[in-house]
$ cat query.tsv   # TSV, C-alpha atoms and all ligand atoms
chain	number	residue	atom	x	y	z
A	145	MET	CA	-38.55	74.97	94.92
A	146	GLN	CA	-38.88	72.29	92.31
A	147	MET	CA	-41.47	69.60	92.56
A	148	LEU	CA	-40.77	66.04	93.58
A	149	VAL	CA	-40.80	63.78	90.53
A	150	ASP	CA	-41.13	59.99	90.56
A	151	TYR	CA	-39.34	58.89	87.38
A	152	HIS	CA	-40.12	55.19	87.58
A	153	THR	CA	-43.54	53.76	88.40
A	154	HIS	CA	-45.80	50.92	87.32
A	155	ILE	CA	-48.99	52.71	88.31
A	156	LEU	CA	-50.91	52.23	85.06
A	157	PRO	CA	-53.27	49.30	85.56
A	158	GLU	CA	-53.44	46.07	83.60
A	159	LEU	CA	-50.43	46.72	81.37
A	160	ASP	CA	-47.61	44.81	83.04
A	161	ASP	CA	-46.75	43.30	86.43
A	162	GLY	CA	-47.61	46.63	88.08
A	163	ALA	CA	-51.01	47.84	89.30
A	164	LYS	CA	-53.38	44.96	88.74
A	165	ASP	CA	-56.54	47.04	88.54
A	166	PHE	CA	-57.80	50.63	88.64
A	167	LYS	CA	-58.46	50.54	92.36
A	168	ILE	CA	-54.86	49.59	93.20
A	169	SER	CA	-53.63	52.13	90.69
A	170	LEU	CA	-55.48	54.97	92.44
A	171	GLU	CA	-54.35	53.73	95.84
A	172	MET	CA	-50.73	53.83	94.69
A	173	LEU	CA	-51.17	57.36	93.37
A	174	GLU	CA	-52.74	58.43	96.65
A	175	ILE	CA	-49.81	56.98	98.64
A	176	LEU	CA	-47.32	58.69	96.33
A	177	LYS	CA	-49.11	61.99	96.88
A	178	ASN	CA	-49.05	61.53	100.65
A	179	GLN	CA	-45.33	60.85	100.44
A	180	GLY	CA	-44.79	64.23	98.80
A	181	VAL	CA	-44.61	63.27	95.14
A	182	GLU	CA	-45.99	65.96	92.83
A	183	GLN	CA	-45.31	64.53	89.38
A	184	VAL	CA	-45.53	60.88	88.37
A	185	ILE	CA	-43.95	59.38	85.30
A	186	ALA	CA	-45.71	56.17	84.28
A	187	THR	CA	-43.19	53.66	82.96
A	188	PRO	CA	-44.87	50.35	82.12
A	189	HIS	CA	-42.52	47.59	80.94
A	190	PHE	CA	-41.95	47.38	77.20
A	191	TYR	CA	-40.48	44.07	76.02
A	192	ALA	CA	-40.05	44.24	72.27
A	193	HIS	CA	-40.20	40.46	71.82
A	194	ARG	CA	-43.58	40.28	73.56
A	195	GLU	CA	-45.31	43.28	71.95
A	196	LYS	CA	-46.91	43.32	68.53
A	197	SER	CA	-45.53	46.79	67.87
A	198	VAL	CA	-44.74	50.09	69.60
A	199	LYS	CA	-47.92	51.47	68.04
A	200	HIS	CA	-50.03	48.75	69.63
A	201	PHE	CA	-48.34	49.28	73.01
A	202	LEU	CA	-49.00	53.03	72.81
A	203	GLU	CA	-52.67	52.45	72.06
A	204	LYS	CA	-53.03	50.14	75.08
A	205	ARG	CA	-51.17	52.63	77.27
A	206	GLN	CA	-53.37	55.48	76.09
A	207	ARG	CA	-56.59	53.60	76.81
A	208	THR	CA	-55.59	52.73	80.36
A	209	PHE	CA	-54.23	56.24	80.96
A	210	GLU	CA	-57.49	57.85	79.89
A	211	LYS	CA	-59.46	55.70	82.31
A	212	ILE	CA	-57.25	56.61	85.26
A	213	ASN	CA	-56.28	60.19	84.51
A	214	SER	CA	-59.51	61.98	85.39
A	215	ASN	CA	-59.47	60.41	88.87
A	216	SER	CA	-55.74	60.67	89.48
A	217	PRO	CA	-54.68	62.82	92.44
A	218	LEU	CA	-51.38	63.51	90.65
A	219	PRO	CA	-50.36	64.63	87.16
A	220	ILE	CA	-49.03	61.73	85.10
A	221	LEU	CA	-46.53	61.91	82.25
A	222	LEU	CA	-46.40	58.87	80.01
A	223	GLY	CA	-43.26	56.87	79.38
A	224	ALA	CA	-42.07	53.26	79.36
A	225	GLU	CA	-39.34	51.07	80.79
A	226	ILE	CA	-37.79	49.55	77.71
A	227	ALA	CA	-35.84	46.32	78.10
A	228	ILE	CA	-32.56	46.47	76.22
A	229	GLU	CA	-32.63	43.63	73.70
A	230	HIS	CA	-30.56	42.95	70.59
A	231	ASN	CA	-31.37	45.56	67.90
A	232	ILE	CA	-33.81	47.42	70.16
A	233	SER	CA	-32.56	50.69	68.67
A	234	GLU	CA	-33.85	49.58	65.25
A	235	ILE	CA	-37.41	48.78	66.31
A	236	LYS	CA	-39.93	50.91	64.45
A	237	ASP	CA	-41.21	53.89	66.48
A	238	ILE	CA	-38.97	53.12	69.47
A	239	GLU	CA	-38.36	56.86	69.93
A	240	LYS	CA	-42.08	57.34	70.62
A	241	LEU	CA	-41.53	55.65	73.98
A	242	ALA	CA	-39.62	58.70	75.24
A	243	ILE	CA	-41.11	60.36	78.31
A	244	GLN	CA	-43.93	62.62	77.19
A	245	GLY	CA	-42.81	66.20	76.48
A	246	THR	CA	-39.12	65.41	76.95
A	247	ASN	CA	-36.26	63.78	75.12
A	248	LEU	CA	-35.62	61.36	77.97
A	249	ILE	CA	-36.04	57.61	77.48
A	250	LEU	CA	-35.88	54.99	80.26
A	251	LEU	CA	-33.99	51.80	79.39
A	252	GLU	CA	-33.53	48.69	81.50
A	253	LEU	CA	-30.40	46.57	81.22
A	254	PRO	CA	-30.67	42.77	81.37
A	255	TYR	CA	-29.90	41.15	84.72
A	256	ARG	CA	-26.67	39.50	83.67
A	257	LYS	CA	-23.11	40.38	82.76
A	258	HIS	CA	-22.71	43.53	80.73
A	259	LYS	CA	-21.84	43.03	77.06
A	260	ASP	CA	-20.58	45.47	74.44
A	261	TRP	CA	-23.76	45.16	72.37
A	262	MET	CA	-25.77	46.62	75.26
A	263	SER	CA	-23.60	49.75	75.35
A	264	GLU	CA	-23.97	49.94	71.56
A	265	GLU	CA	-27.78	49.84	71.78
A	266	ILE	CA	-27.73	52.62	74.41
A	267	TYR	CA	-25.45	54.69	72.19
A	268	ASN	CA	-27.49	54.05	69.03
A	269	ILE	CA	-30.80	55.05	70.61
A	270	SER	CA	-29.38	58.28	71.95
A	271	VAL	CA	-27.61	59.27	68.76
A	272	GLU	CA	-30.19	58.08	66.24
A	273	TYR	CA	-33.10	59.91	67.88
A	274	ASP	CA	-31.31	62.63	69.83
A	275	LEU	CA	-32.59	61.20	73.11
A	276	LYS	CA	-31.06	61.24	76.57
A	277	VAL	CA	-31.03	57.71	77.95
A	278	ILE	CA	-31.92	57.07	81.58
A	279	LEU	CA	-30.64	53.71	82.82
A	280	ALA	CA	-33.11	52.17	85.26
A	281	HIS	CA	-32.06	51.21	88.82
A	282	ILE	CA	-28.37	51.09	88.00
A	283	HIS	CA	-27.38	50.02	91.54
A	284	ARG	CA	-29.20	46.70	91.04
A	285	TYR	CA	-26.49	45.49	88.67
A	286	LEU	CA	-23.64	45.65	91.17
A	287	GLU	CA	-24.03	41.97	91.89
A	288	TYR	CA	-23.86	40.95	88.21
A	289	TYR	CA	-21.06	43.23	87.06
A	290	SER	CA	-17.33	43.16	87.52
A	291	LYS	CA	-15.59	46.45	88.35
A	292	GLU	CA	-14.70	46.82	84.68
A	293	GLN	CA	-18.30	46.29	83.60
A	294	ILE	CA	-19.51	48.88	86.08
A	295	GLN	CA	-16.99	51.29	84.60
A	296	GLN	CA	-18.21	50.41	81.10
A	297	VAL	CA	-21.80	51.26	82.02
A	298	LEU	CA	-20.73	54.42	83.80
A	299	GLY	CA	-18.85	55.32	80.64
A	300	THR	CA	-22.12	55.59	78.69
A	301	ASP	CA	-23.50	59.10	78.39
A	302	ALA	CA	-26.62	58.31	80.39
A	303	VAL	CA	-28.60	59.62	83.32
A	304	PHE	CA	-28.63	57.03	86.11
A	305	GLN	CA	-31.92	56.22	87.78
A	306	ILE	CA	-31.81	55.19	91.41
A	307	ASN	CA	-34.62	53.33	93.13
A	308	ASN	CA	-35.37	54.73	96.56
A	309	GLU	CA	-34.61	51.36	98.14
A	310	ALA	CA	-30.91	51.89	97.34
A	311	PHE	CA	-30.84	54.31	100.29
A	312	ALA	CA	-31.71	51.43	102.58
A	313	SER	CA	-28.70	49.32	101.49
A	314	PHE	CA	-25.20	50.07	102.73
A	315	ARG	CA	-23.45	48.94	99.56
A	316	GLU	CA	-25.88	50.57	97.14
A	317	LYS	CA	-25.95	53.81	99.10
A	318	ARG	CA	-22.15	53.95	98.91
A	319	PHE	CA	-22.36	53.48	95.13
A	320	VAL	CA	-24.95	56.27	94.81
A	321	LYS	CA	-22.78	58.57	96.92
A	322	ALA	CA	-19.82	57.91	94.62
A	323	LEU	CA	-21.99	58.85	91.61
A	324	ILE	CA	-23.00	62.09	93.31
A	325	LYS	CA	-19.37	62.88	94.05
A	326	GLN	CA	-18.55	62.37	90.37
A	327	GLU	CA	-21.35	64.83	89.54
A	328	ARG	CA	-23.23	62.30	87.45
A	329	GLN	CA	-26.81	63.05	86.49
A	330	LEU	CA	-29.14	61.07	88.72
A	331	VAL	CA	-32.90	60.68	88.92
A	332	LEU	CA	-34.95	58.96	91.61
A	333	GLY	CA	-37.87	56.62	91.38
A	334	SER	CA	-39.97	54.35	93.55
A	335	ASP	CA	-40.35	51.64	90.86
A	336	CYS	CA	-43.60	50.89	92.67
A	337	HIS	CA	-45.62	47.93	91.36
A	338	ASN	CA	-48.32	47.46	94.00
A	339	ILE	CA	-49.27	48.32	97.57
A	340	LEU	CA	-47.62	45.30	99.19
A	341	ASP	CA	-44.02	44.22	98.60
A	342	ARG	CA	-43.18	46.84	95.98
A	343	LYS	CA	-45.16	49.81	97.19
A	344	PRO	CA	-44.42	53.54	96.90
A	345	ASN	CA	-41.37	54.11	99.11
A	346	TRP	CA	-40.52	57.80	99.23
A	347	ASN	CA	-40.57	57.48	103.00
A	348	LEU	CA	-37.04	56.05	102.66
A	349	LEU	CA	-35.83	59.51	101.63
A	350	LYS	CA	-37.44	61.58	104.31
A	351	ARG	CA	-34.26	62.53	106.14
A	352	ARG	CA	-32.72	65.91	105.37
A	353	PRO	CA	-29.36	64.89	103.86
A	354	LYS	CA	-31.24	63.60	100.84
A	355	SER	CA	-32.51	67.02	99.79
A	356	SER	CA	-29.58	67.74	97.48
A	357	VAL	CA	-30.14	64.42	95.69
A	358	ILE	CA	-33.80	65.26	95.28
A	359	GLU	CA	-32.89	68.63	93.77
A	360	LEU	CA	-30.49	66.95	91.36
A	361	SER	CA	-33.18	64.46	90.36
A	362	ASN	CA	-35.97	66.97	89.86
A	363	GLY	CA	-33.75	69.20	87.72
A	364	VAL	CA	-33.33	66.56	85.02
A	365	LEU	CA	-36.98	66.74	83.92
A	366	ASP	CA	-36.71	70.49	83.36
A	367	LYS	CA	-33.38	70.19	81.61
A	368	TYR	CA	-34.66	67.76	78.98
A	369	LYS	CA	-38.12	69.26	78.42
A	370	LEU	CA	-38.88	69.83	74.77
B	1	FE	FE	-39.56	49.05	86.75
$ encode --input "query.tsv" --output "structure tokens" --more "lines below"
Ligand SMILES: [Fe+2]
Amino acid sequence: MQMLVDYHTHILPELDDGAKDFKISLEMLEILKNQGVEQVIATPHFYAHREKSVKHFLEKRQRTFEKINSNSPLPILLGAEIAIEHNISEIKDIEKLAIQGTNLILLELPYRKHKDWMSEEIYNISVEYDLKVILAHIHRYLEYYSKEQIQQVLGTDAVFQINNEAFASFREKRFVKALIKQERQLVLGSDCHNILDRKPNWNLLKRRPKSSVIELSNGVLDKYKL
């Protein structure tokens, strides 16, 4: 039995629009634990145009992690959710944002029509640094993309991350089912930001038919461990 992994969380406090303080951060971790999560991956937003450098971001992340870690009810692996911007693959130290102890890296596509340069950045990051790209909440782009653009994104050699809320939407659930049928690599995440409107939501997956998806998701972390 593999453990339940949350691949996408904003539980680290005071770094982005996620947990606003240490108290909320610990509350979120407690809720995740109660929902059956056994491994959390912390993925604070990384926007290259807003950060001084990757090094500076990593120092901030480390400081906040150290404050929370000793009180955390769950083990935390450090990562980031990197916004795909022009030339993101050429940013110094970008590979250091890979999920700790793995060669997985979580990238977030812009919320607009898909363009060739985005696929090129995904390709460049994976090839340049020998990383496996995870594309964040891929079902969220259905409303921005044409059928052809969806096919273009699905044509990238990425792991697709699904937010749990997709299982509560008819259209998104159908999309996820199609990915499973095509034997694509999927990982799940809560993408939790707080304890109100974007709270930990593993309760949406409680019903039995989801167990095979959970197995698929958990397996990815093992597969790409260094
Ligand atoms: Fe996120």
$ closest_atom_pairs --input "query.tsv" --of "chain A" --to "ligand FE 1 (chain B)" --cutoff "9 Å" --atoms "only C-alpha atoms and all ligand atoms" --output "tab-separated table"
residue	atom	partner	partner_atom	distance
A:His152	CA	B:FE1	FE	6.2
A:Thr153	CA	B:FE1	FE	6.4
A:His154	CA	B:FE1	FE	6.5
A:Gly162	CA	B:FE1	FE	8.5
A:Thr187	CA	B:FE1	FE	7.0
A:Pro188	CA	B:FE1	FE	7.2
A:His189	CA	B:FE1	FE	6.7
A:Ala224	CA	B:FE1	FE	8.9
A:Glu225	CA	B:FE1	FE	6.3
A:Glu252	CA	B:FE1	FE	8.0
A:Ala280	CA	B:FE1	FE	7.3
A:His281	CA	B:FE1	FE	8.1
A:Ser334	CA	B:FE1	FE	8.6
A:Asp335	CA	B:FE1	FE	4.9
A:Cys336	CA	B:FE1	FE	7.4
A:His337	CA	B:FE1	FE	7.7
$ closest_residue --input "query.tsv" --among "A:Leu332, A:Val303, A:Ile220, A:Val357" --to "Gln206 in chain A" --atoms "all atoms listed in the file"
A:Ile220
$ atom_distance --input "query.tsv" --atom1 "CA of Gly245 in chain A" --atom2 "CA of Asp366 in chain A"
10.1 Å
$ atom_distance --input "query.tsv" --atom1 "CA of Glu210 in chain A" --atom2 "CA of Ile232 in chain A"
27.6 Å
$ residues_around --input "query.tsv" --residues "Ile243 in chain A" --least-positions-apart "3" --cutoff "6 Å" --atoms "only C-alpha atoms" --output "PyMOL selection string"
chain A and resi 222-223+246+248-249
$ atom_distance --input "query.tsv" --atom1 "CA of Asp274 in chain A" --atom2 "CA of His258 in chain A"
23.6 Å
$ closest_residue --input "query.tsv" --among "A:Tyr285, A:Tyr368, A:Phe190, A:Trp261" --to "Asn247 in chain A" --atoms "only C-alpha atoms"
A:Tyr368
$ residues_around --input "query.tsv" --residues "range 202-205 of chain A" --least-positions-apart "5" --cutoff "12 Å" --atoms "all atoms listed in the file" --output "MDAnalysis selection string"
chainID A and resid 154:160 186:190 195:197 210:213 221:224 237:242 244
$ closest_residue --input "query.tsv" --among "A:Asp260, A:Glu359, A:Glu265, A:Glu327" --to "Glu229 in chain A" --atoms "all atoms listed in the file"
A:Glu265
$ residues_around --input "query.tsv" --residues "Ser290 in chain A" --least-positions-apart "6" --cutoff "12 Å" --atoms "all atoms listed in the file" --output "list in words"
Arg256, Lys257, His258, Lys259, Gln296 and Val297 of chain A
$ residues_around --input "query.tsv" --residues "Ala192 in chain A" --least-positions-apart "6" --cutoff "9 Å" --atoms "all atoms listed in the file" --output "ChimeraX atom specification"
/A:198,226-229,232,235
$ closest_residue --input "query.tsv" --among "A:Ile266, A:Leu253, A:Val181, A:Ala302" --to "Tyr288 in chain A" --atoms "only C-alpha atoms"
A:Leu253
$ residues_around --input "query.tsv" --residues "Ile282 in chain A" --least-positions-apart "3" --cutoff "7 Å" --atoms "only C-alpha atoms" --output "VMD selection string"
chain A and resid 279 285 304 to 306
$ closest_residue --input "query.tsv" --among "A:Pro254, A:Ile324, A:Thr208, A:Arg342" --to "Asp165 in chain A" --atoms "only C-alpha atoms"
A:Thr208
$ closest_residue --input "query.tsv" --among "A:Lys367, A:Asn231, A:Tyr289, A:Ile339" --to "Leu170 in chain A" --atoms "only C-alpha atoms"
A:Ile339
